[in-house]
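Engineer: What follows is model-v2.cif, mmCIF, C-alpha atoms.
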data_query
loop_
_atom_site.label_atom_id
_atom_site.label_comp_id
_atom_site.auth_asym_id
_atom_site.auth_seq_id
_atom_site.Cartn_x
_atom_site.Cartn_y
_atom_site.Cartn_z
CA MET G 1 14.29 12.62 -21.72
CA GLY G 2 12.18 12.24 -18.62
CA GLU G 3 12.62 14.49 -15.64
CA ALA G 4 14.52 13.18 -12.63
CA LEU G 5 12.20 12.09 -9.84
CA GLU G 6 12.37 14.06 -6.63
CA GLU G 7 13.04 12.37 -3.33
CA GLY G 8 9.82 11.70 -1.47
CA MET G 9 7.69 11.06 -4.54
CA TRP G 10 5.69 7.81 -4.51
CA LEU G 11 4.30 5.54 -7.19
CA VAL G 12 1.49 3.38 -5.82
CA ALA G 13 0.13 0.65 -8.10
CA ASP G 14 -3.34 -0.84 -8.27
CA ARG G 15 -1.96 -3.88 -10.07
CA GLN G 16 1.50 -5.09 -11.11
CA THR G 17 2.46 -7.35 -13.98
CA ALA G 18 6.21 -7.65 -13.43
CA GLY G 19 6.81 -7.05 -9.73
CA ARG G 20 9.70 -8.85 -8.09
CA GLY G 21 11.18 -9.32 -4.66
CA ARG G 22 14.48 -10.45 -3.17
CA GLN G 23 16.60 -12.93 -5.15
CA GLY G 24 14.32 -12.58 -8.17
CA ARG G 25 11.15 -13.87 -6.49
CA GLU G 26 7.84 -12.82 -7.97
CA TRP G 27 6.20 -9.96 -6.08
CA PHE G 28 2.60 -10.96 -5.36
CA ASP G 29 0.04 -8.78 -7.12
CA GLY G 30 -2.92 -8.91 -4.73
CA HIS G 31 -5.89 -6.63 -5.27
CA GLY G 32 -6.37 -4.40 -2.22
CA ASN G 33 -2.77 -4.72 -1.07
CA PHE G 34 -0.30 -1.86 -0.84
CA MET G 35 2.31 -1.89 -3.61
CA GLY G 36 4.40 1.25 -3.76
CA SER G 37 7.82 2.58 -4.65
CA THR G 38 9.69 5.71 -3.64
CA LEU G 39 13.15 7.18 -4.03
CA VAL G 40 15.95 8.29 -1.72
CA ARG G 41 18.74 10.42 -3.17
CA LEU G 42 21.92 9.72 -1.25
CA ALA G 43 23.93 12.65 0.11
CA PRO G 44 27.65 12.61 1.00
CA ASN G 45 27.03 12.85 4.76
CA ASP G 46 24.29 10.22 4.90
CA PRO G 47 24.79 7.07 7.01
CA PRO G 48 25.83 3.91 5.09
CA ALA G 49 23.30 3.20 2.35
CA HIS G 50 22.81 -0.44 3.37
CA THR G 51 21.24 0.70 6.67
CA LEU G 52 18.31 2.07 4.68
CA SER G 53 16.97 -1.51 4.75
CA LEU G 54 16.65 -1.39 8.53
CA MET G 55 15.19 2.11 8.42
CA VAL G 56 12.52 1.20 5.86
CA GLY G 57 11.61 -1.96 7.78
CA MET G 58 11.14 0.14 10.90
CA ALA G 59 8.89 2.58 9.04
CA VAL G 60 6.66 -0.22 7.73
CA TYR G 61 6.52 -1.83 11.18
CA ASP G 62 5.41 1.44 12.78
CA ALA G 63 2.78 2.03 10.08
CA VAL G 64 1.27 -1.42 10.61
CA LEU G 65 1.51 -1.54 14.41
CA PRO G 66 -1.66 0.50 15.21
CA LEU G 67 -3.69 -1.77 12.92
CA VAL G 68 -2.76 -5.05 14.64
CA PRO G 69 -5.01 -6.29 17.47
CA ASP G 70 -2.13 -8.07 19.26
CA THR G 71 0.94 -5.88 18.87
CA SER G 72 3.17 -8.54 20.44
CA ALA G 73 2.50 -10.69 17.35
CA LEU G 74 4.26 -8.18 15.07
CA SER G 75 8.03 -8.36 14.64
CA LEU G 76 10.93 -7.56 12.34
CA LYS G 77 13.28 -10.09 10.72
CA TRP G 78 16.64 -8.99 9.36
CA PRO G 79 17.10 -6.99 7.34
CA ASN G 80 13.58 -5.68 6.72
CA ASP G 81 10.85 -8.35 6.67
CA VAL G 82 7.76 -7.57 8.75
CA LEU G 83 6.22 -10.66 10.35
CA LEU G 84 2.83 -11.17 11.95
CA ASN G 85 2.35 -14.34 14.01
CA GLY G 86 5.64 -15.50 12.50
CA ALA G 87 4.34 -15.21 8.93
CA LYS G 88 5.43 -12.70 6.31
CA LEU G 89 3.18 -9.65 6.20
CA ALA G 90 5.34 -7.28 4.14
CA GLY G 91 8.31 -7.35 1.84
CA ILE G 92 10.81 -4.63 0.96
CA LEU G 93 13.29 -4.43 -1.90
CA LEU G 94 15.96 -1.74 -2.24
CA GLU G 95 17.92 -1.24 -5.46
CA SER G 96 20.67 1.30 -6.13
CA GLU G 97 20.36 3.42 -9.25
CA GLY G 98 23.17 5.90 -9.73
CA GLY G 99 23.21 8.12 -6.66
CA ALA G 100 19.75 7.07 -5.57
CA VAL G 101 18.05 4.09 -3.95
CA VAL G 102 14.68 2.89 -5.22
CA ILE G 103 12.58 1.46 -2.40
CA GLY G 104 9.81 -0.99 -3.24
CA ILE G 105 7.34 -1.95 -0.51
CA GLY G 106 4.57 -4.52 -0.57
CA VAL G 107 2.19 -4.96 2.38
CA ASN G 108 -0.43 -7.71 2.45
CA LEU G 109 -3.47 -5.72 3.49
CA ALA G 110 -6.25 -7.71 1.82
CA GLN G 111 -4.67 -11.03 0.85
CA ALA G 112 -1.42 -12.97 1.04
CA PRO G 113 0.27 -15.20 -1.52
CA LYS G 114 0.51 -18.94 -0.94
CA LEU G 115 4.21 -19.80 -0.91
CA ASP G 116 5.90 -23.18 -0.63
CA ASP G 117 8.93 -21.94 1.31
CA ARG G 118 7.37 -19.63 3.94
CA ALA G 119 4.19 -18.79 5.76
CA THR G 120 2.38 -15.61 4.74
CA ILE G 121 -0.44 -13.57 6.23
CA ALA G 122 -2.58 -10.51 5.47
CA LEU G 123 -3.90 -7.89 7.86
CA ALA G 124 -7.41 -8.87 6.76
CA ASP G 125 -6.76 -12.30 8.34
CA VAL G 126 -6.62 -10.77 11.83
CA THR G 127 -8.55 -7.50 11.71
CA THR G 128 -10.86 -5.31 9.65
CA LEU G 129 -9.37 -4.72 6.23
CA PRO G 130 -7.66 -1.31 6.09
CA ALA G 131 -8.19 0.67 2.90
CA ARG G 132 -5.08 0.92 0.74
CA ASP G 133 -5.61 4.64 0.20
CA ASP G 134 -5.85 5.26 3.96
CA PHE G 135 -2.73 3.21 4.68
CA ALA G 136 -0.56 4.80 1.97
CA PRO G 137 -0.24 8.33 3.45
CA ILE G 138 0.45 6.89 6.91
CA LEU G 139 3.35 4.89 5.52
CA ALA G 140 4.61 7.81 3.44
CA ARG G 141 4.69 10.14 6.45
CA GLY G 142 6.36 7.50 8.59
CA LEU G 143 9.07 6.84 6.04
CA ARG G 144 9.66 10.58 5.61
CA ASP G 145 10.13 10.97 9.37
CA GLU G 146 12.37 7.90 9.66
CA LEU G 147 14.54 9.18 6.81
CA ALA G 148 14.96 12.53 8.56
CA ARG G 149 16.01 10.82 11.81
CA TRP G 150 18.38 8.52 9.92
CA ARG G 151 20.12 11.59 8.51
CA GLN G 152 20.03 13.79 11.58
CA VAL G 153 20.98 11.41 14.40
CA GLY G 154 22.61 8.46 12.64
CA ILE G 155 21.93 4.77 12.97
CA GLU G 156 22.58 4.06 16.67
CA PRO G 157 19.01 4.96 17.80
CA LEU G 158 17.63 3.10 14.78
CA LEU G 159 19.52 -0.07 15.73
CA ARG G 160 18.13 0.07 19.28
CA ARG G 161 14.57 0.54 18.05
CA TRP G 162 14.95 -2.17 15.43
CA LEU G 163 16.17 -4.66 18.02
CA SER G 164 13.25 -3.86 20.31
CA ALA G 165 10.87 -4.75 17.46
CA ALA G 166 12.71 -7.88 16.30
CA HIS G 167 12.34 -11.50 17.37
CA PRO G 168 14.18 -12.22 20.65
CA ILE G 169 17.91 -12.71 21.05
CA GLY G 170 18.54 -16.45 20.94
CA THR G 171 15.95 -17.16 18.23
CA ALA G 172 17.10 -20.07 16.04
CA LEU G 173 17.62 -19.08 12.41
CA SER G 174 19.40 -20.00 9.21
CA VAL G 175 21.04 -17.75 6.64
CA HIS G 176 20.85 -18.83 3.00
CA ASP G 177 23.21 -17.22 0.51
CA GLY G 178 22.62 -16.88 -3.20
CA ASP G 179 24.74 -19.97 -3.96
CA GLY G 180 22.68 -22.37 -1.86
CA ALA G 181 24.95 -22.48 1.21
CA VAL G 182 23.18 -22.46 4.59
CA LEU G 183 24.60 -21.25 7.90
CA SER G 184 22.59 -22.01 11.04
CA GLY G 185 22.75 -20.62 14.54
CA THR G 186 20.92 -18.26 16.87
CA PHE G 187 20.18 -14.56 16.66
CA ALA G 188 22.77 -12.54 18.62
CA GLY G 189 21.65 -9.01 17.70
CA LEU G 190 23.17 -6.49 15.32
CA ASN G 191 26.65 -5.02 15.14
CA GLU G 192 27.36 -1.29 15.02
CA THR G 193 26.90 -1.17 11.22
CA GLY G 194 23.58 -3.04 11.23
CA SER G 195 24.85 -6.45 10.15
CA LEU G 196 23.18 -9.53 11.61
CA LEU G 197 25.11 -11.30 14.37
CA LEU G 198 24.75 -15.09 14.19
CA ARG G 199 25.89 -17.23 17.11
CA LEU G 200 27.13 -20.58 15.79
CA ALA G 201 26.98 -23.90 17.63
CA ASP G 202 30.70 -23.72 18.49
CA GLY G 203 30.21 -20.35 20.21
CA GLU G 204 31.63 -18.21 17.40
CA THR G 205 29.64 -15.09 16.55
CA ARG G 206 29.69 -14.21 12.89
CA ALA G 207 28.57 -10.96 11.25
CA ILE G 208 26.25 -11.56 8.29
CA HIS G 209 26.22 -8.79 5.69
CA ALA G 210 23.85 -10.37 3.15
CA GLY G 211 21.61 -13.39 2.85
CA ASP G 212 18.08 -14.70 3.14
CA VAL G 213 17.19 -15.32 6.81
CA VAL G 214 14.77 -18.08 7.78
CA LEU G 215 13.49 -18.56 11.32
CA ASP G 216 13.93 -22.21 12.33
#
Rewrite the coordinates I just gave you, this time as structure tokens.

Structural biologist:
Amino acid sequence: MGEALEEGMWLVADRQTAGRGRQGREWFDGHGNFMGSTLVRLAPNDPPAHTLSLMVGMAVYDAVLPLVPDTSALSLKWPNDVLLNGAKLAGILLESEGGAVVIGIGVNLAQAPKLDDRATIALADVTTLPARDDFAPILARGLRDELARWRQVGIEPLLRRWLSAAHPIGTALSVHDGDGAVLSGTFAGLNETGSLLLRLADGETRAIHAGDVVLD
């Protein structure tokens, strides 16, 4: 039997043959991009596990921010997409495995996939291409520090920081569930547990706990 992986260990791939993203989408295997996975072992006193999505998104955002010429063009979309000029720059997938969460992160450093349902972008489209092996330790340190804050001070500071990096309150968006239903409204922030708040046309504000968010 293989040894259990320790928290904080990373597996960074040069190429992938069976990568996947949210809702079973193929995870683009672009040479020169960052494709890595790490592990968090949940402890009894940790904040709710679903808020790891927000925490990881924040860590990726902070790792990318110094590399972007126009920092105002970088933003977060719930729960953890990183957007540049409104296009998808990075994707994150979290999967529970026993008492641990496997975190997969893909960042388009060199090239971006061409997708029918969303715009994509790579850092190389706007700036000098960062080396994957230079970017990887920056992200690893950032995620380590975010994880420590998440455990030590809880999610309230994380929610404030996440909102400051997200698209503005009032942004039009739609939430698509796994069954094909679509709910449209405007972004009204996050609730105290990190769920998306969606303001509907009739004035109702609904908490969204899961779904694929599209900016309209």

Engineer: Which neighbours of Val102 of chain G fall inside 6 Å, counting only C-alpha atoms, when residues of the same chain fewer than 2 positions from it are skipped, and could you give them as a list in words?

Structural biologist: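 With the cut-off at 6 Å, the set is Thr38, Leu39, Leu94 and Glu95 of chain G.
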
Engineer: Write out the residues from the selection above, keeping C-alpha atoms, as a PDB file, keeping the file's coordinate frame.

Structural biologist:
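Wrote it out as again11.pdb, contents follow:
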ATOM      1  CA  THR G  38       9.690   5.710  -3.640  1.00  0.00           C
ATOM      2  CA  LEU G  39      13.150   7.180  -4.030  1.00  0.00           C
ATOM      3  CA  LEU G  94      15.960  -1.740  -2.240  1.00  0.00           C
ATOM      4  CA  GLU G  95      17.920  -1.240  -5.460  1.00  0.00           C
TER       5      GLU G  95
END

Engineer: Would you list the contacts of Ile92 of chain G as a PyMOL selection string, taking every protein, DNA or RNA residue within 8 Å and counting all atoms listed in the file, but skipping same-chain residues closer than 3 positions in sequence?

Structural biologist: chain G and resi 21+53+56-57+80-81+103-106

Engineer: Quick one: which residues end up in the PyMOL selection byres ((chain G and resi 140) around 10) for this structure, as a list in words?

Structural biologist: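 On the file shown, the PyMOL selection byres ((chain G and resi 140) around 10) covers Gly8, Met9, Trp10, Gly36, Thr38, Ala59, Val60, Ala63, Phe135, Ala136, Pro137, Ile138, Leu139, Arg141, Gly142, Leu143, Arg144, Asp145 and Glu146 of chain G.
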
Engineer: Given all atoms listed in the file as the basis, pick out the residue of G:Pro168, G:Gly194, G:Pro69, G:Gly180 nearest to Pro48 of chain G.

Structural biologist: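 Of G:Pro168, G:Gly194, G:Pro69, G:Gly180, the one nearest Pro48 of chain G, counting all atoms listed in the file, is G:Gly194.
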
Engineer: On this structure, the PyMOL selection byres ((chain G and resi 77) around 10) would catch which residues? List them as a ChimeraX atom specification, sorted by chain and number.

Structural biologist: /G:54,57,75-76,78-83,86,88,162-163,165-167,196,213-215

Engineer: Just add N, CA, C and O atoms to segment 60-86 of chain G and send it as a JSON list (two decimals), in the frame of the given file.

Structural biologist:
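Saved as result-v3.json:
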[["chain", "number", "residue", "atom", "x", "y", "z"],
["G", 60, "VAL", "N", 7.81, 0.64, 8.04],
["G", 60, "VAL", "CA", 6.66, -0.22, 7.73],
["G", 60, "VAL", "C", 6.09, -0.82, 9.02],
["G", 60, "VAL", "O", 4.86, -0.85, 9.21],
["G", 61, "TYR", "N", 6.96, -1.28, 9.89],
["G", 61, "TYR", "CA", 6.52, -1.83, 11.18],
["G", 61, "TYR", "C", 5.67, -0.82, 11.94],
["G", 61, "TYR", "O", 4.58, -1.14, 12.43],
["G", 62, "ASP", "N", 6.14, 0.41, 12.03],
["G", 62, "ASP", "CA", 5.41, 1.44, 12.78],
["G", 62, "ASP", "C", 4.08, 1.80, 12.12],
["G", 62, "ASP", "O", 3.11, 2.13, 12.80],
["G", 63, "ALA", "N", 4.03, 1.73, 10.78],
["G", 63, "ALA", "CA", 2.78, 2.03, 10.08],
["G", 63, "ALA", "C", 1.73, 0.95, 10.32],
["G", 63, "ALA", "O", 0.53, 1.22, 10.41],
["G", 64, "VAL", "N", 2.18, -0.29, 10.43],
["G", 64, "VAL", "CA", 1.27, -1.42, 10.61],
["G", 64, "VAL", "C", 0.84, -1.59, 12.06],
["G", 64, "VAL", "O", -0.29, -2.01, 12.35],
["G", 65, "LEU", "N", 1.72, -1.23, 12.99],
["G", 65, "LEU", "CA", 1.51, -1.54, 14.41],
["G", 65, "LEU", "C", 0.14, -1.11, 14.94],
["G", 65, "LEU", "O", -0.53, -1.90, 15.63],
["G", 66, "PRO", "N", -0.35, 0.11, 14.65],
["G", 66, "PRO", "CA", -1.66, 0.50, 15.21],
["G", 66, "PRO", "C", -2.83, -0.30, 14.65],
["G", 66, "PRO", "O", -3.94, -0.23, 15.21],
["G", 67, "LEU", "N", -2.62, -1.03, 13.56],
["G", 67, "LEU", "CA", -3.69, -1.77, 12.92],
["G", 67, "LEU", "C", -3.81, -3.20, 13.42],
["G", 67, "LEU", "O", -4.77, -3.90, 13.09],
["G", 68, "VAL", "N", -2.83, -3.65, 14.21],
["G", 68, "VAL", "CA", -2.76, -5.05, 14.64],
["G", 68, "VAL", "C", -3.39, -5.21, 16.01],
["G", 68, "VAL", "O", -3.00, -4.50, 16.95],
["G", 69, "PRO", "N", -4.37, -6.12, 16.16],
["G", 69, "PRO", "CA", -5.01, -6.29, 17.47],
["G", 69, "PRO", "C", -4.05, -6.69, 18.58],
["G", 69, "PRO", "O", -4.14, -6.18, 19.70],
["G", 70, "ASP", "N", -3.11, -7.61, 18.28],
["G", 70, "ASP", "CA", -2.13, -8.07, 19.26],
["G", 70, "ASP", "C", -0.76, -7.58, 18.79],
["G", 70, "ASP", "O", -0.13, -8.20, 17.95],
["G", 71, "THR", "N", -0.31, -6.47, 19.35],
["G", 71, "THR", "CA", 0.94, -5.88, 18.87],
["G", 71, "THR", "C", 2.16, -6.76, 19.15],
["G", 71, "THR", "O", 3.17, -6.65, 18.47],
["G", 72, "SER", "N", 2.05, -7.65, 20.15],
["G", 72, "SER", "CA", 3.17, -8.54, 20.44],
["G", 72, "SER", "C", 3.38, -9.56, 19.33],
["G", 72, "SER", "O", 4.42, -10.22, 19.28],
["G", 73, "ALA", "N", 2.39, -9.72, 18.44],
["G", 73, "ALA", "CA", 2.50, -10.69, 17.35],
["G", 73, "ALA", "C", 3.26, -10.13, 16.16],
["G", 73, "ALA", "O", 3.55, -10.85, 15.21],
["G", 74, "LEU", "N", 3.57, -8.83, 16.19],
["G", 74, "LEU", "CA", 4.26, -8.18, 15.07],
["G", 74, "LEU", "C", 5.75, -8.09, 15.38],
["G", 74, "LEU", "O", 6.14, -7.72, 16.49],
["G", 75, "SER", "N", 6.58, -8.41, 14.41],
["G", 75, "SER", "CA", 8.03, -8.36, 14.64],
["G", 75, "SER", "C", 8.77, -8.12, 13.34],
["G", 75, "SER", "O", 8.21, -8.25, 12.24],
["G", 76, "LEU", "N", 10.05, -7.77, 13.47],
["G", 76, "LEU", "CA", 10.93, -7.56, 12.34],
["G", 76, "LEU", "C", 11.91, -8.72, 12.23],
["G", 76, "LEU", "O", 12.37, -9.27, 13.24],
["G", 77, "LYS", "N", 12.25, -9.09, 11.00],
["G", 77, "LYS", "CA", 13.28, -10.09, 10.72],
["G", 77, "LYS", "C", 14.30, -9.45, 9.78],
["G", 77, "LYS", "O", 13.92, -8.82, 8.80],
["G", 78, "TRP", "N", 15.56, -9.64, 10.10],
["G", 78, "TRP", "CA", 16.64, -8.99, 9.36],
["G", 78, "TRP", "C", 16.61, -9.36, 7.88],
["G", 78, "TRP", "O", 16.40, -10.53, 7.55],
["G", 79, "PRO", "N", 16.86, -8.38, 6.98],
["G", 79, "PRO", "CA", 17.10, -6.99, 7.34],
["G", 79, "PRO", "C", 15.83, -6.14, 7.43],
["G", 79, "PRO", "O", 15.85, -5.12, 8.08],
["G", 80, "ASN", "N", 14.74, -6.58, 6.76],
["G", 80, "ASN", "CA", 13.58, -5.68, 6.72],
["G", 80, "ASN", "C", 12.23, -6.38, 6.53],
["G", 80, "ASN", "O", 11.26, -5.72, 6.17],
["G", 81, "ASP", "N", 12.14, -7.68, 6.76],
["G", 81, "ASP", "CA", 10.85, -8.35, 6.67],
["G", 81, "ASP", "C", 10.00, -8.00, 7.88],
["G", 81, "ASP", "O", 10.51, -7.95, 9.02],
["G", 82, "VAL", "N", 8.72, -7.80, 7.66],
["G", 82, "VAL", "CA", 7.76, -7.57, 8.75],
["G", 82, "VAL", "C", 6.91, -8.83, 8.88],
["G", 82, "VAL", "O", 6.29, -9.27, 7.92],
["G", 83, "LEU", "N", 6.91, -9.40, 10.09],
["G", 83, "LEU", "CA", 6.22, -10.66, 10.35],
["G", 83, "LEU", "C", 5.05, -10.43, 11.30],
["G", 83, "LEU", "O", 5.14, -9.63, 12.23],
["G", 84, "LEU", "N", 3.99, -11.17, 11.07],
["G", 84, "LEU", "CA", 2.83, -11.17, 11.95],
["G", 84, "LEU", "C", 2.50, -12.62, 12.28],
["G", 84, "LEU", "O", 2.30, -13.44, 11.37],
["G", 85, "ASN", "N", 2.51, -12.94, 13.57],
["G", 85, "ASN", "CA", 2.35, -14.34, 14.01],
["G", 85, "ASN", "C", 3.37, -15.25, 13.33],
["G", 85, "ASN", "O", 3.08, -16.41, 13.02],
["G", 86, "GLY", "N", 4.56, -14.73, 13.10],
["G", 86, "GLY", "CA", 5.64, -15.50, 12.50],
["G", 86, "GLY", "C", 5.55, -15.65, 11.00],
["G", 86, "GLY", "O", 6.42, -16.28, 10.38]]
